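Participant: Below is work10.txt; it holds compact mmCIF, C-alpha atoms (C1' of nucleotides).
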# COMPACT_ATOMS: atom_id res chain seq x y z
CA MET A 1 108.03 100.44 77.30
CA ALA A 2 111.53 100.86 78.62
CA PHE A 3 113.10 99.93 75.29
CA SER A 4 112.32 98.05 72.10
CA LYS A 5 112.77 94.29 72.03
CA LYS A 6 113.13 93.99 68.29
CA GLU A 7 116.82 93.18 68.62
CA GLU A 8 116.01 89.96 70.45
CA PHE A 9 114.94 88.27 67.23
CA THR A 10 116.99 86.76 64.40
CA GLN A 11 118.64 89.01 61.84
CA GLU A 12 116.53 87.36 59.16
CA ASP A 13 113.25 88.20 60.91
CA ILE A 14 114.41 91.72 61.73
CA TRP A 15 115.38 92.42 58.12
CA LEU A 16 112.14 91.01 56.78
CA ALA A 17 110.08 93.09 59.21
CA ASP A 18 112.08 96.15 58.22
CA VAL A 19 111.33 95.67 54.53
CA ALA A 20 107.66 95.21 55.36
CA LYS A 21 107.77 98.42 57.41
CA ALA A 22 109.07 100.34 54.40
CA LEU A 23 106.06 99.08 52.45
CA SER A 24 103.59 99.81 55.24
CA HIS A 25 102.27 103.19 54.08
CA PRO A 26 100.14 103.69 50.95
CA ALA A 27 102.19 106.74 49.97
CA ARG A 28 105.30 104.59 49.76
CA ILE A 29 103.52 101.90 47.77
CA ARG A 30 102.33 104.62 45.42
CA ILE A 31 105.81 106.12 45.14
CA LEU A 32 107.27 102.78 44.10
CA LYS A 33 104.60 102.39 41.41
CA ILE A 34 105.10 105.94 40.14
CA LEU A 35 108.86 105.58 40.04
CA ASN A 36 108.40 102.53 37.89
CA ASP A 37 106.09 104.31 35.43
CA LEU A 38 107.76 107.72 35.13
CA ASP A 39 110.77 108.61 33.08
CA SER A 40 111.38 111.67 35.16
CA CYS A 41 111.67 110.87 38.81
CA MET A 42 112.45 114.17 40.48
CA VAL A 43 110.86 114.87 43.83
CA GLY A 44 108.67 117.69 42.50
CA SER A 45 106.89 115.31 40.14
CA LEU A 46 106.16 112.98 43.00
CA VAL A 47 104.84 115.81 45.16
CA ASP A 48 102.46 116.79 42.34
CA LYS A 49 101.10 113.26 42.21
CA LEU A 50 100.64 112.74 45.94
CA PRO A 51 98.24 114.40 48.42
CA LEU A 52 101.12 115.31 50.69
CA ALA A 53 103.42 118.26 51.33
CA GLN A 54 106.94 118.31 49.96
CA ALA A 55 108.50 117.77 53.37
CA THR A 56 106.33 114.71 53.95
CA VAL A 57 107.16 113.19 50.57
CA SER A 58 110.82 113.74 51.32
CA GLN A 59 110.41 111.81 54.57
CA HIS A 60 108.76 108.89 52.79
CA LEU A 61 111.56 108.85 50.22
CA LYS A 62 114.06 108.75 53.06
CA GLU A 63 112.38 105.67 54.51
CA LEU A 64 112.41 103.86 51.16
CA LYS A 65 116.05 104.84 50.70
CA ARG A 66 116.89 103.62 54.21
CA VAL A 67 116.07 100.02 53.31
CA GLY A 68 117.59 100.38 49.86
CA LEU A 69 114.44 100.06 47.77
CA ILE A 70 115.18 103.31 45.92
CA GLU A 71 118.20 105.51 45.34
CA GLY A 72 118.69 109.16 44.46
CA GLU A 73 121.09 110.66 41.99
CA ILE A 74 122.00 114.35 41.97
CA ASP A 75 121.13 116.10 38.71
CA GLY A 76 121.91 119.77 39.10
CA PRO A 77 119.55 121.27 41.65
CA LYS A 78 117.21 118.28 41.25
CA ILE A 79 117.44 114.78 42.63
CA CYS A 80 116.42 111.91 40.39
CA TYR A 81 114.99 108.98 42.31
CA CYS A 82 114.92 105.51 40.82
CA ILE A 83 114.05 102.04 41.99
CA ASN A 84 116.99 99.93 43.10
CA ALA A 85 116.11 96.79 41.17
CA LYS A 86 118.70 94.64 42.89
CA ASN A 87 117.47 95.37 46.40
CA LEU A 88 113.86 95.23 45.34
CA LEU A 89 114.46 91.73 44.02
CA ARG A 90 116.15 90.83 47.28
CA ALA A 91 113.09 92.05 49.17
CA LYS A 92 110.74 90.13 46.91
CA THR A 93 112.81 86.97 47.38
CA ALA A 94 112.82 87.35 51.16
CA LEU A 95 109.04 87.76 51.24
CA ASP A 96 108.57 84.83 48.87
CA LYS A 97 110.72 82.72 51.16
CA LEU A 98 108.60 83.73 54.15
CA PHE A 99 105.37 82.83 52.42
CA SER A 100 106.66 79.51 51.15
CA LYS A 101 108.11 78.79 54.61
CA ILE A 102 104.71 79.27 56.18
CA GLY A 103 103.26 76.98 53.60
CA CYS A 104 100.69 79.14 51.91
CA CYS A 105 101.75 78.04 48.43
CA MET B 1 99.48 116.13 62.07
CA ALA B 2 95.83 117.10 62.16
CA PHE B 3 94.72 113.75 60.75
CA SER B 4 96.01 110.82 58.73
CA LYS B 5 95.97 111.06 54.96
CA LYS B 6 96.04 107.34 54.31
CA GLU B 7 92.44 107.37 53.12
CA GLU B 8 93.37 109.58 50.19
CA PHE B 9 94.97 106.66 48.37
CA THR B 10 93.41 103.80 46.42
CA GLN B 11 91.83 100.88 48.25
CA GLU B 12 94.38 98.60 46.63
CA ASP B 13 97.34 100.59 47.96
CA ILE B 14 95.76 100.95 51.40
CA TRP B 15 95.14 97.22 51.66
CA LEU B 16 98.64 96.35 50.50
CA ALA B 17 100.20 98.78 52.98
CA ASP B 18 98.02 97.33 55.72
CA VAL B 19 99.21 93.79 55.03
CA ALA B 20 102.80 95.03 55.06
CA LYS B 21 102.15 96.76 58.36
CA ALA B 22 101.00 93.48 59.89
CA LEU B 23 104.32 91.95 58.82
CA SER B 24 106.38 94.90 60.05
CA HIS B 25 107.44 93.56 63.45
CA PRO B 26 109.85 90.60 63.93
CA ALA B 27 107.61 89.16 66.63
CA ARG B 28 104.77 88.85 64.14
CA ILE B 29 107.03 87.31 61.50
CA ARG B 30 108.16 84.82 64.15
CA ILE B 31 104.59 84.07 65.21
CA LEU B 32 103.61 83.22 61.65
CA LYS B 33 106.57 80.84 61.34
CA ILE B 34 105.83 79.20 64.70
CA LEU B 35 102.14 78.78 63.90
CA ASN B 36 103.16 76.99 60.75
CA ASP B 37 105.51 74.60 62.57
CA LEU B 38 103.53 73.81 65.70
CA ASP B 39 100.66 71.41 66.08
CA SER B 40 99.53 73.14 69.22
CA CYS B 41 98.97 76.82 68.72
CA MET B 42 97.66 78.08 72.01
CA VAL B 43 98.81 81.49 73.17
CA GLY B 44 100.78 80.10 76.12
CA SER B 45 103.05 78.13 73.77
CA LEU B 46 103.75 81.27 71.78
CA VAL B 47 104.52 83.25 74.92
CA ASP B 48 107.07 80.56 75.93
CA LYS B 49 108.79 80.91 72.58
CA LEU B 50 108.95 84.69 72.43
CA PRO B 51 110.89 87.23 74.55
CA LEU B 52 107.70 89.14 75.31
CA ALA B 53 105.07 89.28 78.03
CA GLN B 54 101.71 87.59 77.56
CA ALA B 55 99.87 90.88 77.13
CA THR B 56 102.27 91.93 74.39
CA VAL B 57 101.96 88.64 72.52
CA SER B 58 98.19 88.99 72.72
CA GLN B 59 98.47 92.44 71.13
CA HIS B 60 100.60 91.11 68.26
CA LEU B 61 98.09 88.30 67.69
CA LYS B 62 95.32 90.88 67.55
CA GLU B 63 97.16 92.77 64.82
CA LEU B 64 97.66 89.62 62.73
CA LYS B 65 94.01 88.71 63.26
CA ARG B 66 92.94 92.23 62.26
CA VAL B 67 94.22 91.77 58.72
CA GLY B 68 93.04 88.16 58.61
CA LEU B 69 96.42 86.42 58.45
CA ILE B 70 95.53 84.23 61.43
CA GLU B 71 92.40 83.16 63.21
CA GLY B 72 91.62 81.89 66.68
CA GLU B 73 89.34 79.08 67.70
CA ILE B 74 88.06 78.63 71.22
CA ASP B 75 89.06 75.29 72.74
CA GLY B 76 87.84 75.21 76.31
CA PRO B 77 89.70 77.84 78.28
CA LYS B 78 92.40 77.98 75.59
CA ILE B 79 92.42 79.66 72.21
CA CYS B 80 93.97 77.81 69.31
CA TYR B 81 95.49 80.13 66.75
CA CYS B 82 96.09 79.01 63.19
CA ILE B 83 97.20 80.56 59.96
CA ASN B 84 94.38 81.56 57.62
CA ALA B 85 95.80 80.02 54.46
CA LYS B 86 93.28 81.67 52.19
CA ASN B 87 94.05 85.22 53.34
CA LEU B 88 97.76 84.52 53.50
CA LEU B 89 97.66 83.47 49.87
CA ARG B 90 95.72 86.61 49.06
CA ALA B 91 98.44 88.67 50.76
CA LYS B 92 101.19 86.84 48.93
CA THR B 93 99.42 87.38 45.62
CA ALA B 94 98.97 91.10 46.29
CA LEU B 95 102.64 91.51 47.14
CA ASP B 96 103.68 89.47 44.09
CA LYS B 97 101.52 91.71 41.95
CA LEU B 98 103.16 94.80 43.41
CA PHE B 99 106.64 93.51 42.75
CA SER B 100 105.85 92.42 39.23
CA LYS B 101 104.09 95.75 38.63
CA ILE B 102 107.22 97.62 39.58
CA GLY B 103 109.19 95.43 37.25
CA CYS B 104 111.70 93.85 39.55
CA CYS B 105 111.15 90.40 38.07
C1' DT C 1 80.85 76.88 94.85
C1' DA C 2 85.66 77.93 94.98
C1' DA C 3 90.11 77.66 92.96
C1' DT C 4 92.88 77.31 88.76
C1' DT C 5 94.05 78.02 84.10
C1' DT C 6 94.01 80.64 80.03
C1' DT C 7 93.62 84.67 77.38
C1' DA C 8 91.82 89.40 76.35
C1' DT C 9 91.51 93.97 77.72
C1' DC C 10 92.53 98.18 80.49
C1' DG C 11 95.59 101.61 81.99
C1' DT C 12 99.80 103.61 81.33
C1' DA C 13 104.52 104.93 79.91
C1' DT C 14 107.64 105.56 76.27
C1' DA C 15 109.02 105.37 71.41
C1' DT C 16 108.09 105.92 66.76
C1' DT C 17 105.50 107.55 62.81
C1' DT C 18 103.13 110.91 60.22
C1' DA C 19 102.43 115.45 58.75
C1' DC C 20 103.55 120.25 57.82
C1' DG C 21 105.61 125.01 57.86
C1' DA C 22 109.92 127.16 58.08
C1' DT C 23 114.53 127.23 57.15
C1' DG C 24 118.87 126.05 55.01
C1' DA C 25 121.93 124.22 51.44
C1' DA C 26 123.18 123.48 46.68
C1' DC C 27 122.83 124.57 42.07
C1' DG C 28 121.73 127.10 37.71
C1' DA C 29 120.47 131.40 35.64
C1' DT C 30 120.39 136.36 35.32
C1' DA D 1 126.70 138.65 43.37
C1' DT D 2 121.74 138.00 43.51
C1' DC D 3 117.66 135.49 42.54
C1' DG D 4 114.75 131.55 41.80
C1' DT D 5 114.42 126.53 41.95
C1' DT D 6 114.82 122.21 44.17
C1' DC D 7 115.15 119.36 47.88
C1' DA D 8 116.65 117.92 52.72
C1' DT D 9 116.42 118.88 57.39
C1' DC D 10 114.74 121.11 61.68
C1' DG D 11 111.22 121.90 64.91
C1' DT D 12 106.96 120.59 66.39
C1' DA D 13 102.29 118.56 67.10
C1' DA D 14 99.32 114.76 66.97
C1' DA D 15 98.53 109.93 66.12
C1' DT D 16 99.94 105.29 66.42
C1' DA D 17 102.81 101.41 68.04
C1' DT D 18 105.19 98.82 71.55
C1' DA D 19 105.59 96.92 76.00
C1' DC D 20 104.07 95.46 80.52
C1' DG D 21 101.53 94.86 85.03
C1' DA D 22 97.02 94.46 86.71
C1' DT D 23 92.61 93.00 86.13
C1' DA D 24 88.54 90.87 84.03
C1' DA D 25 86.24 87.12 81.62
C1' DA D 26 85.39 82.39 80.52
C1' DA D 27 86.02 77.69 80.98
C1' DT D 28 87.76 73.54 83.49
C1' DT D 29 88.73 71.28 87.78
C1' DA D 30 88.49 70.20 92.52
Since I need it in another form, could you write the structure as structure tokens?

Facilitator:
Amino acid sequence: MAFSKKEEFTQEDIWLADVAKALSHPARIRILKILNDLDSCMVGSLVDKLPLAQATVSQHLKELKRVGLIEGEIDGPKICYCINAKNLLRAKTALDKLFSKIGCC
Amino acid sequence: MAFSKKEEFTQEDIWLADVAKALSHPARIRILKILNDLDSCMVGSLVDKLPLAQATVSQHLKELKRVGLIEGEIDGPKICYCINAKNLLRAKTALDKLFSKIGCC
DNA sequence: TAATTTTATCGTATATTTACGATGAACGAT
DNA sequence: ATCGTTCATCGTAAATATACGATAAAATTA
């Protein structure tokens, strides 16, 4: 393909697809669930709980951060990741709207 | 990467990620919305409404069909695509469960 | 039967994603 | 200042996704 055609769609559809993309790997689903359960949310804890190398986990965190579903806070040499509840709610609302728009409920 | 590690997660997380993947391109979001609005749902109508070649639209339909969000019915030389309401509801429920699990609502 | 219509699939090119080891940057502790 | 810890980023390899033209398959029509 010469170039992507994603930009030829509406902003709404592009944003929605982008949120879905962030959720499109089981490791990222798992990370969101773990972040919700754990008090501590440093990267090392996540690496221990996932069958992936540290560099790979870091990449998945970057993708979740890119769409705003999580955020990291510096805590000394560690980074504490947390869910961004506001953006997560926005994502949930957008998906709800899609599903109600296509009349499944 | 030697091989994918997706299979090292739970079935639940794999399925959820797979549904999200099907929604992760604006063309497929658009197709779902169009299929809900149109009476006629043959592929040619979709091609007319999207900035993509027929072969590409066919590929996107295949991906949506793969996860069961749509289904096609043969109607002479045409194929009539429709939303699979049952599976769409199942997808919505799974995503709702994820979002409520991670406490955003 | 031959031509037309409709859609899937093949082949292919390019882009993106996934994964990991190695390295580097930032911080606390010795 | 040096060392260990923690994490991001770089470089790289392989897999997957995206896009399209060409072609094949299946049904209707002439």

Participant: At a cut-off of 7 Å, which residues of chain C touch chain A? Count all atoms listed in the file and give the answer as a PyMOL selection string.

Facilitator: chain C and resi 13-14+19-20+26-27

Participant: With C-alpha atoms (C1' of nucleotides) retained, write the just-selected residues as a PDB file, in the frame of the given file.

Facilitator:
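Saved as part_8.pdb:
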ATOM      1  C1'  DA C  13     104.520 104.930  79.910  1.00  0.00           C
ATOM      2  C1'  DT C  14     107.640 105.560  76.270  1.00  0.00           C
ATOM      3  C1'  DA C  19     102.430 115.450  58.750  1.00  0.00           C
ATOM      4  C1'  DC C  20     103.550 120.250  57.820  1.00  0.00           C
ATOM      5  C1'  DA C  26     123.180 123.480  46.680  1.00  0.00           C
ATOM      6  C1'  DC C  27     122.830 124.570  42.070  1.00  0.00           C
TER       7       DC C  27
END

Participant: Could you list, as a list in words, the residues of chain D having an atom within 10 Å of chain B when counting all atoms listed in the file?

Facilitator: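 Applying the cut-off to the listed atoms yields DT12, DA13, DA14, DA15, DT18, DA19, DC20, DG21, DA26, DA27 and DT28 of chain D.
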
Participant: At a cut-off of 10 Å, list the chain A residues touching chain B, using all atoms listed in the file, as a PDB file with C-alpha atoms, in the frame of the given file.

Facilitator:
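Resulting contents of selection_38.pdb:
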ATOM      1  CA  LYS A   5     112.770  94.290  72.030  1.00  0.00           C
ATOM      2  CA  LYS A   6     113.130  93.990  68.290  1.00  0.00           C
ATOM      3  CA  GLU A   7     116.820  93.180  68.620  1.00  0.00           C
ATOM      4  CA  GLU A   8     116.010  89.960  70.450  1.00  0.00           C
ATOM      5  CA  PHE A   9     114.940  88.270  67.230  1.00  0.00           C
ATOM      6  CA  THR A  10     116.990  86.760  64.400  1.00  0.00           C
ATOM      7  CA  GLN A  11     118.640  89.010  61.840  1.00  0.00           C
ATOM      8  CA  GLU A  12     116.530  87.360  59.160  1.00  0.00           C
ATOM      9  CA  ASP A  13     113.250  88.200  60.910  1.00  0.00           C
ATOM     10  CA  ILE A  14     114.410  91.720  61.730  1.00  0.00           C
ATOM     11  CA  TRP A  15     115.380  92.420  58.120  1.00  0.00           C
ATOM     12  CA  LEU A  16     112.140  91.010  56.780  1.00  0.00           C
ATOM     13  CA  ALA A  17     110.080  93.090  59.210  1.00  0.00           C
ATOM     14  CA  ASP A  18     112.080  96.150  58.220  1.00  0.00           C
ATOM     15  CA  VAL A  19     111.330  95.670  54.530  1.00  0.00           C
ATOM     16  CA  ALA A  20     107.660  95.210  55.360  1.00  0.00           C
ATOM     17  CA  LYS A  21     107.770  98.420  57.410  1.00  0.00           C
ATOM     18  CA  ALA A  22     109.070 100.340  54.400  1.00  0.00           C
ATOM     19  CA  LEU A  23     106.060  99.080  52.450  1.00  0.00           C
ATOM     20  CA  SER A  24     103.590  99.810  55.240  1.00  0.00           C
ATOM     21  CA  HIS A  25     102.270 103.190  54.080  1.00  0.00           C
ATOM     22  CA  PRO A  26     100.140 103.690  50.950  1.00  0.00           C
ATOM     23  CA  ALA A  27     102.190 106.740  49.970  1.00  0.00           C
ATOM     24  CA  ARG A  28     105.300 104.590  49.760  1.00  0.00           C
ATOM     25  CA  ILE A  29     103.520 101.900  47.770  1.00  0.00           C
ATOM     26  CA  ARG A  30     102.330 104.620  45.420  1.00  0.00           C
ATOM     27  CA  LEU A  32     107.270 102.780  44.100  1.00  0.00           C
ATOM     28  CA  LYS A  33     104.600 102.390  41.410  1.00  0.00           C
ATOM     29  CA  ILE A  34     105.100 105.940  40.140  1.00  0.00           C
ATOM     30  CA  LEU A  35     108.860 105.580  40.040  1.00  0.00           C
ATOM     31  CA  ASN A  36     108.400 102.530  37.890  1.00  0.00           C
ATOM     32  CA  ASP A  37     106.090 104.310  35.430  1.00  0.00           C
ATOM     33  CA  LEU A  50     100.640 112.740  45.940  1.00  0.00           C
ATOM     34  CA  PRO A  51      98.240 114.400  48.420  1.00  0.00           C
ATOM     35  CA  LEU A  52     101.120 115.310  50.690  1.00  0.00           C
ATOM     36  CA  ILE A  83     114.050 102.040  41.990  1.00  0.00           C
ATOM     37  CA  ASN A  84     116.990  99.930  43.100  1.00  0.00           C
ATOM     38  CA  ALA A  85     116.110  96.790  41.170  1.00  0.00           C
ATOM     39  CA  LYS A  86     118.700  94.640  42.890  1.00  0.00           C
ATOM     40  CA  ASN A  87     117.470  95.370  46.400  1.00  0.00           C
ATOM     41  CA  LEU A  88     113.860  95.230  45.340  1.00  0.00           C
ATOM     42  CA  LEU A  89     114.460  91.730  44.020  1.00  0.00           C
ATOM     43  CA  ARG A  90     116.150  90.830  47.280  1.00  0.00           C
ATOM     44  CA  ALA A  91     113.090  92.050  49.170  1.00  0.00           C
ATOM     45  CA  LYS A  92     110.740  90.130  46.910  1.00  0.00           C
ATOM     46  CA  LEU A  95     109.040  87.760  51.240  1.00  0.00           C
ATOM     47  CA  ASP A  96     108.570  84.830  48.870  1.00  0.00           C
ATOM     48  CA  LEU A  98     108.600  83.730  54.150  1.00  0.00           C
ATOM     49  CA  PHE A  99     105.370  82.830  52.420  1.00  0.00           C
ATOM     50  CA  SER A 100     106.660  79.510  51.150  1.00  0.00           C
ATOM     51  CA  LYS A 101     108.110  78.790  54.610  1.00  0.00           C
ATOM     52  CA  ILE A 102     104.710  79.270  56.180  1.00  0.00           C
ATOM     53  CA  GLY A 103     103.260  76.980  53.600  1.00  0.00           C
ATOM     54  CA  CYS A 104     100.690  79.140  51.910  1.00  0.00           C
ATOM     55  CA  CYS A 105     101.750  78.040  48.430  1.00  0.00           C
TER      56      CYS A 105
END

Participant: One number please: atom C1' of C:DA8 to atom CA of B:Leu38, in Å, one decimal.

Facilitator: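 Value for the atom C1' of C:DA8-atom CA of B:Leu38 distance: 22.2 Å.
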
Participant: Could you check how far atom C1' of C:DT9 sits from atom C1' of D:DA24, in Å to one decimal?

Facilitator: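 According to the coordinates, atom C1' of C:DT9 and atom C1' of D:DA24 are separated by 7.6 Å.
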
Participant: State, in Å with one decimal place, the distance from atom CA of B:Cys41 to atom C1' of C:DT5.

Facilitator: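 Separation between atom CA of B:Cys41 and atom C1' of C:DT5: 16.2 Å.
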